[in-house]
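Raw contents of model_3.cif, mmCIF, C-alpha atoms:
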```cif
data_entry
#
loop_
_atom_site.label_atom_id
_atom_site.label_comp_id
_atom_site.auth_asym_id
_atom_site.auth_seq_id
_atom_site.Cartn_x
_atom_site.Cartn_y
_atom_site.Cartn_z
CA MET A 1 -20.62 -5.62 23.30
CA SER A 2 -21.95 -4.84 19.84
CA ASN A 3 -22.65 -1.74 17.79
CA SER A 4 -25.80 -1.25 15.78
CA TYR A 5 -25.24 -1.28 12.02
CA ALA A 6 -28.90 -1.11 11.00
CA LEU A 7 -28.64 1.95 8.73
CA SER A 8 -25.49 0.63 7.04
CA LYS A 9 -27.30 -2.64 6.41
CA ALA A 10 -30.25 -0.81 4.84
CA LEU A 11 -27.97 1.33 2.66
CA LEU A 12 -26.05 -1.76 1.53
CA ALA A 13 -29.28 -3.42 0.43
CA ARG A 14 -30.24 -0.27 -1.48
CA ALA A 15 -26.78 -0.01 -3.05
CA ARG A 16 -26.72 -3.60 -4.23
CA VAL A 17 -29.60 -2.81 -6.58
CA VAL A 18 -27.49 -0.32 -8.55
CA ILE A 19 -23.85 -1.00 -7.54
CA PRO A 20 -22.39 -4.53 -7.87
CA GLY A 21 -21.93 -5.87 -4.35
CA GLY A 22 -22.89 -2.45 -3.00
CA VAL A 23 -19.25 -1.31 -3.14
CA SER A 24 -17.13 0.55 -5.69
CA SER A 25 -13.88 -1.28 -4.91
CA GLY A 26 -13.60 -5.02 -4.49
CA ASN A 27 -11.38 -4.81 -1.43
CA ARG A 28 -14.17 -3.10 0.52
CA ALA A 29 -16.42 -6.15 0.22
CA ASN A 30 -14.75 -8.30 2.90
CA TRP A 31 -15.73 -6.09 5.83
CA THR A 32 -17.20 -7.70 8.95
CA PRO A 33 -20.14 -8.11 9.45
CA PHE A 34 -20.73 -6.46 6.06
CA PRO A 35 -19.49 -3.31 4.24
CA LEU A 36 -20.33 -0.26 6.37
CA TYR A 37 -21.26 3.24 5.26
CA TYR A 38 -19.63 6.32 6.76
CA ASP A 39 -20.86 9.81 7.50
CA ARG A 40 -17.92 11.95 8.63
CA ALA A 41 -14.36 11.97 9.95
CA ASP A 42 -12.06 14.28 11.85
CA GLY A 43 -8.42 13.87 12.90
CA ALA A 44 -7.95 10.27 14.01
CA ARG A 45 -11.66 9.45 14.19
CA VAL A 46 -14.43 8.41 11.83
CA TRP A 47 -18.18 7.98 12.34
CA ASP A 48 -20.41 5.57 10.45
CA VAL A 49 -23.98 6.38 9.40
CA ASP A 50 -25.32 4.65 12.54
CA GLY A 51 -23.38 7.09 14.71
CA ASN A 52 -20.72 4.62 15.85
CA GLN A 53 -17.38 6.35 16.52
CA TYR A 54 -14.02 4.72 15.82
CA ILE A 55 -10.36 5.49 16.36
CA ASP A 56 -9.41 5.08 12.72
CA TYR A 57 -6.39 3.02 11.70
CA VAL A 58 -7.66 2.46 8.15
CA LEU A 59 -7.06 6.09 7.10
CA GLY A 60 -8.38 5.55 3.58
CA ARG A 61 -6.16 2.42 3.39
CA GLY A 62 -3.03 4.45 3.92
CA PRO A 63 -3.10 7.88 2.30
CA LEU A 64 -4.16 9.99 5.28
CA ILE A 65 -0.78 10.31 6.98
CA LEU A 66 -1.81 13.67 8.44
CA GLY A 67 -5.20 12.32 9.54
CA HIS A 68 -8.70 13.30 8.45
CA GLY A 69 -9.58 16.91 7.65
CA GLU A 70 -6.18 18.63 7.70
CA LEU A 71 -7.31 22.26 7.40
CA GLU A 72 -4.34 23.59 5.40
CA VAL A 73 -4.84 20.90 2.77
CA ILE A 74 -8.58 21.56 2.55
CA GLU A 75 -8.03 25.31 2.26
CA ALA A 76 -5.45 24.88 -0.51
CA ILE A 77 -7.85 22.69 -2.48
CA HIS A 78 -10.70 25.13 -1.88
CA GLN A 79 -8.68 28.10 -3.14
CA GLN A 80 -7.64 26.22 -6.27
CA LEU A 81 -11.24 25.21 -7.02
CA LYS A 82 -12.25 28.87 -6.77
CA ARG A 83 -9.50 29.83 -9.26
CA GLY A 84 -10.32 27.05 -11.68
CA GLU A 85 -10.84 23.30 -11.71
CA PHE A 86 -8.55 22.35 -14.60
CA TYR A 87 -7.46 23.67 -17.95
CA ALA A 88 -6.04 20.85 -20.09
CA GLY A 89 -2.84 22.77 -19.52
CA GLN A 90 -0.12 23.28 -16.94
CA THR A 91 0.04 25.06 -13.59
CA GLU A 92 3.00 26.30 -11.57
CA ALA A 93 1.91 24.07 -8.67
CA GLU A 94 2.79 20.90 -10.58
CA ILE A 95 6.34 22.23 -11.09
CA ALA A 96 6.60 22.97 -7.38
CA LEU A 97 5.37 19.48 -6.46
CA ALA A 98 7.76 17.82 -8.92
CA GLU A 99 10.63 19.91 -7.52
CA LEU A 100 9.71 18.90 -3.97
CA ILE A 101 9.59 15.20 -4.88
CA CYS A 102 12.97 15.47 -6.62
CA SER A 103 14.45 17.20 -3.56
CA LEU A 104 13.28 14.41 -1.25
CA VAL A 105 13.76 11.22 -3.27
CA ARG A 106 17.29 10.27 -4.29
CA ASN A 107 16.48 8.57 -7.60
CA ALA A 108 13.83 11.12 -8.65
CA GLU A 109 15.36 13.44 -11.25
CA MET A 110 12.17 13.99 -13.26
CA VAL A 111 8.49 13.37 -12.45
CA ARG A 112 5.25 12.79 -14.33
CA PHE A 113 1.80 12.88 -12.69
CA CYS A 114 -1.19 10.58 -13.12
CA ASN A 115 -4.22 9.55 -11.09
CA SER A 116 -3.72 6.17 -9.42
CA GLY A 117 -1.04 3.75 -8.31
CA SER A 118 -2.12 1.31 -11.02
CA GLU A 119 -1.50 3.99 -13.65
CA ALA A 120 1.89 4.91 -12.20
CA VAL A 121 3.06 1.29 -12.20
CA HIS A 122 1.75 0.80 -15.75
CA ALA A 123 3.71 3.85 -16.90
CA CYS A 124 6.92 2.62 -15.24
CA ILE A 125 6.62 -0.75 -16.97
CA ARG A 126 5.94 0.83 -20.36
CA LEU A 127 8.91 3.15 -19.91
CA ALA A 128 11.19 0.25 -18.90
CA ARG A 129 10.19 -1.73 -21.99
CA SER A 130 10.71 1.30 -24.18
CA ALA A 131 14.17 1.98 -22.70
CA THR A 132 15.44 -1.60 -22.89
CA GLY A 133 13.65 -2.99 -25.95
CA ARG A 134 12.74 -6.04 -23.83
CA GLU A 135 9.34 -7.30 -22.72
CA LYS A 136 9.61 -9.56 -19.67
CA ILE A 137 9.04 -8.31 -16.13
CA ILE A 138 10.25 -10.10 -12.99
CA ARG A 139 7.75 -9.61 -10.18
CA PHE A 140 7.42 -11.11 -6.71
CA VAL A 141 4.62 -13.41 -5.69
CA GLY A 142 2.03 -11.73 -3.49
CA HIS A 143 3.15 -8.17 -4.20
CA TYR A 144 0.34 -5.93 -5.38
CA HIS A 145 1.10 -3.59 -8.27
CA GLY A 146 -2.41 -2.56 -9.27
CA TRP A 147 -5.20 -4.37 -11.05
CA TYR A 148 -4.24 -3.80 -14.72
CA ASP A 149 -4.10 -6.99 -16.79
CA GLY A 150 -0.46 -6.71 -17.80
CA ILE A 151 0.94 -6.89 -14.26
CA ALA A 152 -1.83 -8.52 -12.19
CA TRP A 153 -0.25 -11.98 -12.43
CA GLY A 154 1.28 -13.71 -9.43
CA PHE A 155 -0.49 -11.62 -6.83
CA SER A 156 -2.36 -14.73 -5.63
CA GLY A 157 0.51 -17.17 -6.10
CA VAL A 158 1.77 -19.48 -8.83
CA LYS A 159 0.90 -22.90 -10.18
CA PRO A 160 3.28 -25.49 -11.65
CA SER A 161 3.13 -26.20 -15.37
CA PRO A 162 3.78 -29.56 -17.06
CA GLY A 163 7.21 -28.31 -18.09
CA GLY A 164 8.18 -27.56 -14.51
CA ARG A 165 8.02 -23.78 -14.83
CA SER A 166 5.92 -21.96 -12.26
CA LEU A 167 3.20 -19.96 -13.99
CA PRO A 168 1.73 -16.88 -12.35
CA MET A 169 -1.94 -17.03 -11.44
CA PRO A 170 -4.23 -14.25 -12.69
CA MET A 171 -5.76 -11.92 -10.16
CA SER A 172 -9.14 -12.07 -11.87
CA LEU A 173 -11.28 -13.77 -14.42
CA GLY A 174 -11.18 -11.87 -17.68
CA GLN A 175 -7.41 -11.51 -17.91
CA PRO A 176 -6.00 -12.72 -21.26
CA SER A 177 -3.56 -15.59 -20.74
CA SER A 178 -1.20 -14.05 -23.30
CA ASP A 179 -0.28 -11.37 -20.74
CA ALA A 180 1.28 -14.01 -18.47
CA VAL A 181 3.94 -14.86 -21.06
CA ASN A 182 5.96 -11.79 -20.11
CA ILE A 183 5.63 -12.15 -16.33
CA VAL A 184 8.33 -14.07 -14.43
CA PRO A 185 7.09 -14.79 -10.86
CA VAL A 186 9.64 -15.20 -8.06
CA GLU A 187 9.23 -15.62 -4.30
CA TRP A 188 10.15 -12.51 -2.32
CA ASN A 189 13.30 -12.71 -0.19
CA ASP A 190 14.64 -15.74 -2.09
CA PRO A 191 18.03 -14.76 -3.55
CA ASP A 192 18.61 -18.13 -5.24
CA ALA A 193 15.21 -18.11 -6.95
CA PHE A 194 15.73 -14.55 -8.11
CA THR A 195 19.22 -15.22 -9.47
CA HIS A 196 17.92 -18.33 -11.26
CA ALA A 197 15.11 -16.30 -12.87
CA VAL A 198 17.59 -13.70 -14.10
CA THR A 199 19.90 -16.38 -15.53
CA THR A 200 17.08 -18.30 -17.18
CA ASN A 201 15.69 -15.16 -18.83
CA ARG A 202 18.99 -13.40 -19.53
CA GLY A 203 18.66 -10.67 -22.14
CA GLN A 204 14.86 -10.75 -22.09
CA VAL A 205 13.95 -8.91 -18.87
CA ALA A 206 13.14 -5.22 -19.07
CA ALA A 207 12.66 -4.63 -15.37
CA VAL A 208 12.34 -6.06 -11.90
CA ILE A 209 9.43 -4.55 -9.97
CA THR A 210 9.12 -4.80 -6.21
CA GLU A 211 7.58 -3.22 -3.18
CA PRO A 212 10.58 -2.25 -1.01
CA ILE A 213 8.58 -3.64 1.90
CA MET A 214 6.01 -6.32 1.04
CA PHE A 215 3.15 -4.14 2.16
CA ASN A 216 0.21 -3.80 -0.17
CA GLY A 217 -0.94 -7.39 -0.69
CA PHE A 218 -2.72 -9.92 1.48
CA TRP A 219 0.17 -10.08 3.97
CA SER A 220 1.69 -6.76 4.93
CA ASN A 221 4.82 -5.45 6.64
CA ILE A 222 7.20 -8.17 5.46
CA GLN A 223 10.68 -6.64 5.43
CA PRO A 224 13.39 -7.38 2.85
CA LEU A 225 15.94 -9.76 4.35
CA ASN A 226 19.61 -8.88 4.71
CA SER A 227 20.84 -7.34 1.45
CA PHE A 228 17.99 -8.55 -0.78
CA LEU A 229 17.22 -5.12 -2.25
CA ARG A 230 20.93 -4.58 -2.89
CA LEU A 231 21.04 -7.91 -4.73
CA LEU A 232 18.21 -6.71 -6.98
CA ARG A 233 20.13 -3.51 -7.68
CA GLU A 234 23.35 -5.38 -8.50
CA GLN A 235 21.67 -7.91 -10.77
CA CYS A 236 19.80 -5.18 -12.61
CA ASP A 237 23.03 -3.28 -13.19
CA SER A 238 24.85 -6.42 -14.36
CA ASN A 239 22.12 -7.58 -16.73
CA GLY A 240 20.79 -4.41 -18.33
CA MET A 241 17.51 -4.51 -16.41
CA LEU A 242 15.79 -1.59 -14.70
CA LEU A 243 14.76 -1.66 -11.06
CA ILE A 244 11.26 -0.34 -10.33
CA PHE A 245 10.14 0.43 -6.79
CA ASP A 246 6.39 0.40 -6.19
CA GLU A 247 6.25 2.99 -3.42
CA VAL A 248 2.50 3.55 -3.51
CA GLN A 249 2.43 2.72 0.21
CA THR A 250 5.98 3.22 1.45
CA GLY A 251 6.97 6.43 -0.33
CA PHE A 252 6.73 9.35 2.14
CA ARG A 253 5.35 7.12 4.95
CA THR A 254 8.35 4.87 5.62
CA SER A 255 10.58 7.92 5.23
CA LEU A 256 10.45 11.25 3.42
CA GLY A 257 12.99 9.94 0.94
CA GLY A 258 11.21 6.64 0.42
CA ALA A 259 13.05 3.33 0.13
CA ALA A 260 16.22 4.95 -1.20
CA GLU A 261 16.62 6.81 2.09
CA HIS A 262 15.37 4.02 4.35
CA PHE A 263 17.31 1.12 2.80
CA GLY A 264 20.10 2.92 0.96
CA VAL A 265 19.13 1.38 -2.40
CA ALA A 266 17.88 3.55 -5.26
CA ALA A 267 15.59 2.39 -8.06
CA ASP A 268 15.70 3.51 -11.68
CA LEU A 269 11.96 4.27 -11.64
CA SER A 270 9.53 4.67 -8.73
CA ALA A 271 5.73 4.76 -8.56
CA PHE A 272 4.01 6.92 -5.93
CA ALA A 273 0.34 7.38 -5.05
CA LYS A 274 -1.36 6.93 -1.66
CA ALA A 275 1.37 8.28 0.57
CA LEU A 276 2.01 11.11 -1.91
CA GLY A 277 -1.55 12.29 -2.43
CA GLY A 278 -2.83 12.23 1.11
CA SER A 279 -6.52 13.10 0.91
CA VAL A 280 -6.50 13.70 -2.87
CA CYS A 281 -6.51 11.35 -5.82
CA LEU A 282 -3.03 11.82 -7.29
CA ALA A 283 -0.16 9.58 -8.35
CA ALA A 284 3.25 10.07 -9.89
CA PHE A 285 6.18 8.18 -11.31
CA ALA A 286 9.74 9.40 -11.16
CA GLY A 287 13.20 8.34 -12.17
CA ARG A 288 16.48 9.06 -13.88
CA LYS A 289 16.47 11.82 -16.50
CA GLU A 290 17.66 9.66 -19.37
CA LEU A 291 14.67 7.37 -18.82
CA MET A 292 12.02 9.97 -18.13
CA ARG A 293 13.05 12.06 -21.14
CA LEU A 294 11.91 9.23 -23.40
CA LEU A 295 8.37 10.46 -22.74
CA ALA A 296 9.22 13.72 -24.47
CA GLU A 297 11.78 12.61 -27.05
CA THR A 298 10.33 9.33 -28.43
CA ASN A 299 7.00 7.71 -29.18
CA THR A 300 6.73 6.37 -25.64
CA VAL A 301 3.24 7.59 -24.83
CA HIS A 302 1.88 8.70 -21.46
CA THR A 303 -1.30 10.76 -21.45
CA GLY A 304 -4.44 11.45 -19.43
CA THR A 305 -7.01 14.23 -19.28
CA TYR A 306 -6.97 14.44 -15.48
CA ASN A 307 -3.19 14.11 -15.06
CA ALA A 308 -1.90 16.83 -12.71
CA TYR A 309 -5.48 17.87 -11.89
CA PRO A 310 -4.81 21.22 -10.17
CA PRO A 311 -6.92 20.78 -7.00
CA ALA A 312 -5.25 17.39 -6.44
CA VAL A 313 -1.79 18.82 -7.14
CA VAL A 314 -2.14 21.68 -4.64
CA GLY A 315 -3.62 19.26 -2.09
CA ALA A 316 -0.68 16.88 -2.49
CA LEU A 317 1.82 19.73 -2.49
CA THR A 318 0.42 21.02 0.81
CA HIS A 319 0.28 17.50 2.26
CA LEU A 320 3.89 16.75 1.34
CA THR A 321 5.11 20.18 2.44
CA LEU A 322 3.53 19.68 5.86
CA LEU A 323 5.14 16.26 6.15
CA ALA A 324 8.56 17.62 5.20
CA GLU A 325 8.60 20.83 7.26
CA LYS A 326 10.64 21.07 10.46
CA SER A 327 12.82 18.15 9.35
CA GLY A 328 9.83 15.86 9.04
CA ALA A 329 8.47 16.49 12.56
CA ARG A 330 4.98 15.21 11.76
CA LEU A 331 6.27 12.04 10.17
CA LYS A 332 8.49 11.46 13.20
CA ARG A 333 5.35 11.76 15.32
CA VAL A 334 3.66 9.13 13.15
CA HIS A 335 6.63 6.79 13.57
CA HIS A 336 6.76 7.38 17.33
CA HIS A 337 3.10 6.59 17.89
CA ALA A 338 3.25 3.60 15.54
CA ALA A 339 6.12 2.27 17.66
CA LEU A 340 4.00 2.75 20.80
CA LEU A 341 1.17 0.84 19.16
CA GLU A 342 3.51 -1.94 18.07
CA ARG A 343 5.00 -2.23 21.56
CA GLY A 344 1.58 -2.40 23.20
CA LEU A 345 0.32 -5.04 20.78
CA ARG A 346 3.47 -7.13 21.24
CA GLU A 347 2.91 -7.08 24.99
CA LEU A 348 -0.62 -8.37 24.41
CA ALA A 349 0.79 -11.09 22.15
CA ARG A 350 3.01 -12.27 25.01
CA GLU A 351 0.06 -12.38 27.39
CA THR A 352 -2.50 -14.25 25.29
CA GLN A 353 -2.78 -17.98 24.58
CA LEU A 354 -3.94 -17.16 21.05
CA PRO A 355 -1.45 -17.41 18.14
CA PHE A 356 -1.36 -13.61 17.88
CA VAL A 357 1.56 -12.14 15.91
CA VAL A 358 2.65 -8.59 15.21
CA ARG A 359 4.78 -7.17 12.37
CA ALA A 360 5.62 -3.54 11.71
CA SER A 361 7.37 -0.97 9.57
CA PRO A 362 7.70 2.78 10.18
CA GLY A 363 4.18 4.17 10.45
CA ALA A 364 2.21 0.93 10.17
CA VAL A 365 1.54 -2.28 12.10
CA THR A 366 0.12 -5.67 11.07
CA THR A 367 -1.64 -8.16 13.33
CA ALA A 368 -2.51 -11.75 12.44
CA PHE A 369 -3.33 -15.09 13.99
CA ARG A 370 -0.75 -17.60 12.80
CA GLY A 371 -0.03 -20.98 14.32
CA ALA A 372 3.09 -21.79 12.30
CA ALA A 373 6.47 -21.29 13.98
CA THR A 374 8.39 -20.59 10.76
CA PRO A 375 9.56 -17.02 10.08
CA VAL A 376 7.44 -14.87 7.78
CA THR A 377 9.56 -13.87 4.79
CA ASN A 378 7.28 -14.06 1.74
CA PHE A 379 3.80 -14.84 0.40
CA ARG A 380 4.10 -18.58 0.95
CA SER A 381 5.39 -18.47 4.52
CA ALA A 382 3.01 -15.66 5.52
CA GLY A 383 0.04 -17.85 4.68
CA GLU A 384 1.20 -20.83 6.72
CA GLY A 385 -0.96 -21.57 9.74
CA LEU A 386 -3.22 -18.52 9.40
CA ASP A 387 -6.57 -18.68 11.19
CA PHE A 388 -8.88 -16.66 8.95
CA GLU A 389 -11.94 -17.14 11.16
CA LEU A 390 -10.06 -15.81 14.17
CA GLN A 391 -8.89 -12.88 12.06
CA ARG A 392 -12.49 -12.12 11.08
CA ARG A 393 -13.65 -12.26 14.71
CA TRP A 394 -10.73 -10.03 15.80
CA HIS A 395 -11.71 -7.40 13.23
CA LEU A 396 -15.32 -7.39 14.44
CA ALA A 397 -14.34 -7.42 18.14
CA LEU A 398 -12.18 -4.32 17.66
CA GLN A 399 -14.84 -2.60 15.57
CA ASN A 400 -17.44 -3.21 18.29
CA ARG A 401 -15.04 -1.57 20.74
CA GLY A 402 -14.50 1.54 18.62
CA VAL A 403 -11.23 0.62 16.89
CA ARG A 404 -11.19 0.43 13.09
CA ILE A 405 -8.51 -1.58 11.24
CA THR A 406 -8.52 -3.27 7.83
CA PRO A 407 -9.97 -6.80 7.69
CA GLU A 408 -6.50 -8.08 6.73
CA GLY A 409 -5.11 -6.77 10.02
CA LEU A 410 -3.27 -3.66 8.84
CA TRP A 411 -3.09 -0.63 11.15
CA TYR A 412 -2.00 2.74 9.73
CA VAL A 413 -1.01 5.52 12.14
CA SER A 414 -1.40 9.23 11.38
CA ALA A 415 -0.04 12.46 12.79
CA ALA A 416 -3.51 13.04 14.26
CA HIS A 417 -3.25 10.03 16.59
CA SER A 418 -2.27 10.91 20.14
CA ALA A 419 -0.54 8.91 22.85
CA ASN A 420 -3.92 8.73 24.58
CA ASP A 421 -5.47 7.26 21.41
CA ILE A 422 -2.83 4.54 21.48
CA GLU A 423 -3.47 3.85 25.16
CA VAL A 424 -7.25 3.60 24.61
CA THR A 425 -6.62 1.37 21.60
CA ILE A 426 -4.40 -1.04 23.52
CA ASP A 427 -7.03 -1.34 26.26
CA ALA A 428 -9.68 -2.10 23.63
CA ALA A 429 -7.39 -4.59 21.92
CA GLN A 430 -6.72 -6.35 25.21
CA ASP A 431 -10.46 -6.65 25.84
CA ALA A 432 -11.02 -7.86 22.26
CA LEU A 433 -8.35 -10.55 22.63
CA ARG A 434 -9.86 -11.70 25.90
CA SER A 435 -13.24 -12.04 24.20
CA LEU A 436 -11.64 -14.34 21.62
CA SER A 437 -9.60 -16.39 24.08
CA PRO A 438 -10.75 -19.93 24.83
CA ARG A 439 -12.23 -20.59 28.23
CA LYS A 440 -10.61 -23.26 30.36
CA GLY A 441 -11.35 -26.64 28.81
CA ASP A 442 -12.29 -25.20 25.40
CA ALA A 443 -10.37 -26.02 22.25
CA LEU A 444 -8.16 -23.25 20.92
CA CYS A 445 -9.87 -21.36 18.09
#
```
Full structure transcribed into structure tokens:
Amino acid sequence: MSNSYALSKALLARARVVIPGGVSSGNRANWTPFPLYYDRADGARVWDVDGNQYIDYVLGRGPLILGHGELEVIEAIHQQLKRGEFYAGQTEAEIALAELICSLVRNAEMVRFCNSGSEAVHACIRLARSATGREKIIRFVGHYHGWYDGIAWGFSGVKPSPGGRSLPMPMSLGQPSSDAVNIVPVEWNDPDAFTHAVTTNRGQVAAVITEPIMFNGFWSNIQPLNSFLRLLREQCDSNGMLLIFDEVQTGFRTSLGGAAEHFGVAADLSAFAKALGGSVCLAAFAGRKELMRLLAETNTVHTGTYNAYPPAVVGALTHLTLLAEKSGARLKRVHHHAALLERGLRELARETQLPFVVRASPGAVTTAFRGAATPVTNFRSAGEGLDFELQRRWHLALQNRGVRITPEGLWYVSAAHSANDIEVTIDAAQDALRSLSPRKGDALC
């Protein structure tokens, strides 16, 4: 079974003449068999330019919690565009959205808007350094906090230095090595390593930044162990450091109140983007008043021409209002169907001979092929025993059967997915796994 991707292939060749790699974001380049081009989407489905239809679990890599083409969101954006695109000034809608965020998120007392998760994280770090007068940031290996030079260290691991200290690796060529001086990399879910890093750098650390769930890097849906987040909170309080939650993915998907509601631990500052904006390009950072007021009362600068862009603000306001109405009924639907998907995939994992593993958090599921028996708790352990070729073949096998997931094995669920969609998906996944399974006498892939 195989779809035709002839038109996508032709468009990719055309694009590569004028767009590096034919894609406008590096994480779109690893698609199998090559980056595809898309024509339209509706609800839980998307169609590529060759007319192939997919049940979509990519959902824009997370933002589309309501699904594609939510009419109330589109109408709100349309009405705002008719009134005016933007004014280099304020609108009442941005107040309403900030008020809604503050009403939902426990640690959000004031909010500022920007345009991407990378910007929101950058602003949180600048604010933490301004508030504490310190420069170092503790971050966890493998967590993704955007692609800006100052924080994009340690995403791909660490390397030992002659002095014995682990140095964070840059995400990319072109990053100045001087930026790494202020980054302290620590393995996620390792209390001893974290405590040692705090002790070693006492009085120098402005903030600890973390994804509440290790979600947005290579290996997703890795939960915090035991009271790890509470340990971060306690150490920050004891050592004059701020706690930053990167909730670009988890905020408003894991729960309406984000990590503070789900785990009972509140950050000092939080960054929001994908799960906040839905179908629009909008981000925000929020936190305690005494910190956020520094943006108005000191020379701590945060600016941007497109910040609080009105069509994006009204789109996000409508998106978040729909998620929150009726005590979060739509989000509960997302969580319910994600649980059905997880259960079905786990049943397939028990049936197959392949090293197929499933992880999950509310609203999202991760699948991988991992031969190691050790528990997955962090970047290092998640990479043990992974079969990347089998992962690539799994992605293509699902795609050829009309199921679209990310190449890394992440499945997002939306309010537009139905129980029947999940049932059809599990059947396709079962067939895909069988196509990958070794025949009797063959070596295991």
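Taking atom CA of Ala316 of chain A as the reference point, atom CA of Ala207 of chain A is found at 28.4 Å.
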Show me a table, sorted first by chain and then by increasing residue number, of the residues of segment 268-356 of chain A having an atom at most 10 Å from segment 77-95 of chain A, each with its shortest atom pair and the distance in Å to one decimal, counting only C-alpha atoms and written as CSV.
```
residue,atom,partner,partner_atom,distance
A:Val280,CA,A:Ile77,CA,9.1
A:Gly304,CA,A:Ala88,CA,9.6
A:Thr305,CA,A:Ala88,CA,6.7
A:Tyr306,CA,A:Ala88,CA,8.0
A:Asn307,CA,A:Ala88,CA,8.9
A:Ala308,CA,A:Glu94,CA,6.6
A:Tyr309,CA,A:Phe86,CA,6.1
A:Pro310,CA,A:Phe86,CA,5.9
A:Pro311,CA,A:Ile77,CA,5.0
A:Ala312,CA,A:Ile77,CA,7.1
A:Val313,CA,A:Glu94,CA,6.1
A:Val314,CA,A:Ile77,CA,6.2
A:Gly315,CA,A:Ile77,CA,5.5
A:Ala316,CA,A:Ile77,CA,9.2
A:Leu317,CA,A:Ala93,CA,7.6
A:Thr318,CA,A:Ile77,CA,9.1
```
Every residue with an atom at most 10 Å from (11.8, -7.2, 6.7) (file coordinates; only C-alpha atoms) is what I'm after, so could you write them as a PDB file with C-alpha atoms, in the coordinates of the input?
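The new file part38.pdb reads:
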```
ATOM      1  CA  ASN A 189      13.300 -12.710  -0.190  1.00  0.00           C
ATOM      2  CA  PRO A 212      10.580  -2.250  -1.010  1.00  0.00           C
ATOM      3  CA  ILE A 213       8.580  -3.640   1.900  1.00  0.00           C
ATOM      4  CA  MET A 214       6.010  -6.320   1.040  1.00  0.00           C
ATOM      5  CA  ASN A 221       4.820  -5.450   6.640  1.00  0.00           C
ATOM      6  CA  ILE A 222       7.200  -8.170   5.460  1.00  0.00           C
ATOM      7  CA  GLN A 223      10.680  -6.640   5.430  1.00  0.00           C
ATOM      8  CA  PRO A 224      13.390  -7.380   2.850  1.00  0.00           C
ATOM      9  CA  LEU A 225      15.940  -9.760   4.350  1.00  0.00           C
ATOM     10  CA  ASN A 226      19.610  -8.880   4.710  1.00  0.00           C
ATOM     11  CA  PHE A 228      17.990  -8.550  -0.780  1.00  0.00           C
ATOM     12  CA  ARG A 359       4.780  -7.170  12.370  1.00  0.00           C
ATOM     13  CA  ALA A 360       5.620  -3.540  11.710  1.00  0.00           C
ATOM     14  CA  SER A 361       7.370  -0.970   9.570  1.00  0.00           C
ATOM     15  CA  VAL A 376       7.440 -14.870   7.780  1.00  0.00           C
ATOM     16  CA  THR A 377       9.560 -13.870   4.790  1.00  0.00           C
ATOM     17  CA  ASN A 378       7.280 -14.060   1.740  1.00  0.00           C
TER      18      ASN A 378
END
```
Practice task
Compile the contact shell of segment 47-62 of chain A as an MDAnalysis selection string: residues with an atom at most 10 Å away, counting only C-alpha atoms, same-chain residues fewer than 2 positions apart removed.
Solution key: chainID A and resid 3:9 11 36:45 64:68 216 248:250 253 274:275 278:279 363:365 398:407 409:414 417 421:422 424:425
Practice task
Write out as a VMD selection string the residues lying within 9 Å of segment 130-135 of chain A, counting all atoms listed in the file and excluding same-chain residues fewer than 3 positions away.
Solution key: chain A and resid 125 to 127 182 to 183 203 to 207 240 to 242 291 294 299 to 300
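Atom pair atom CA of Glu119 of chain A / atom CA of Ser270 of chain A has a distance of 12.1 Å (rounded to one decimal).
Coordinates place atom CA of Thr367 of chain A at a distance of 15.4 Å from atom CA of Asp431 of chain A.
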Exercise for the section: Quick one: everything within 9 Å of segment 286-290 of chain A, counting only C-alpha atoms, minus sequence neighbours fewer than 5 positions away in the same chain. Send it as a list in words. Expected result: Ala98, Ile101, Cys102, Asn107, Ala108, Glu109, Met110, Val111, Arg112, Phe113, Cys124, Ala267, Asp268, Leu269, Ser270, Ala271 and Phe272 of chain A
I need the residue set behind the PyMOL selection byres ((chain A and resi 150) around 9) for this file; please write it as a PDB file with C-alpha atoms, keeping the file's coordinate frame.
```pdb
ATOM      1  CA  HIS A 122       1.750   0.800 -15.750  1.00  0.00           C
ATOM      2  CA  TRP A 147      -5.200  -4.370 -11.050  1.00  0.00           C
ATOM      3  CA  TYR A 148      -4.240  -3.800 -14.720  1.00  0.00           C
ATOM      4  CA  ASP A 149      -4.100  -6.990 -16.790  1.00  0.00           C
ATOM      5  CA  ILE A 151       0.940  -6.890 -14.260  1.00  0.00           C
ATOM      6  CA  ALA A 152      -1.830  -8.520 -12.190  1.00  0.00           C
ATOM      7  CA  TRP A 153      -0.250 -11.980 -12.430  1.00  0.00           C
ATOM      8  CA  GLN A 175      -7.410 -11.510 -17.910  1.00  0.00           C
ATOM      9  CA  PRO A 176      -6.000 -12.720 -21.260  1.00  0.00           C
ATOM     10  CA  ASP A 179      -0.280 -11.370 -20.740  1.00  0.00           C
ATOM     11  CA  ALA A 180       1.280 -14.010 -18.470  1.00  0.00           C
ATOM     12  CA  ASN A 182       5.960 -11.790 -20.110  1.00  0.00           C
ATOM     13  CA  ILE A 183       5.630 -12.150 -16.330  1.00  0.00           C
TER      14      ILE A 183
END
```
Exercise for the section: Name the closest residue to Leu322 of chain A among the candidates A:Glu211, A:Arg380, A:Ser435, A:Phe252; distances are taken between atoms, counting only C-alpha atoms. Expected result: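 Using only C-alpha atoms, the shortest distance to Leu322 of chain A belongs to A:Phe252.
Comparing A:Leu232, A:Ala259, A:Leu104, A:Ala123 by their smallest distance to Asp190 of chain A, the closest is A:Leu232 (using only C-alpha atoms).
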Exercise for the section: Pick out the residues sitting within 12 Å of Ala432 of chain A, and hand them over as a list in words; count all atoms listed in the file, and ignore anything fewer than 4 positions along from it in its own chain. Expected result: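 Using all atoms listed in the file, the neighbours found are Met1, Ser2, Leu345, Leu348, Thr352, Leu354, Leu390, Gln391, Arg393, Trp394, His395, Leu396, Ala397, Leu398, Gln399, Asn400, Arg401, Gly402, Val403, Thr425, Ile426, Asp427, Ala428, Leu436 and Ser437 of chain A.
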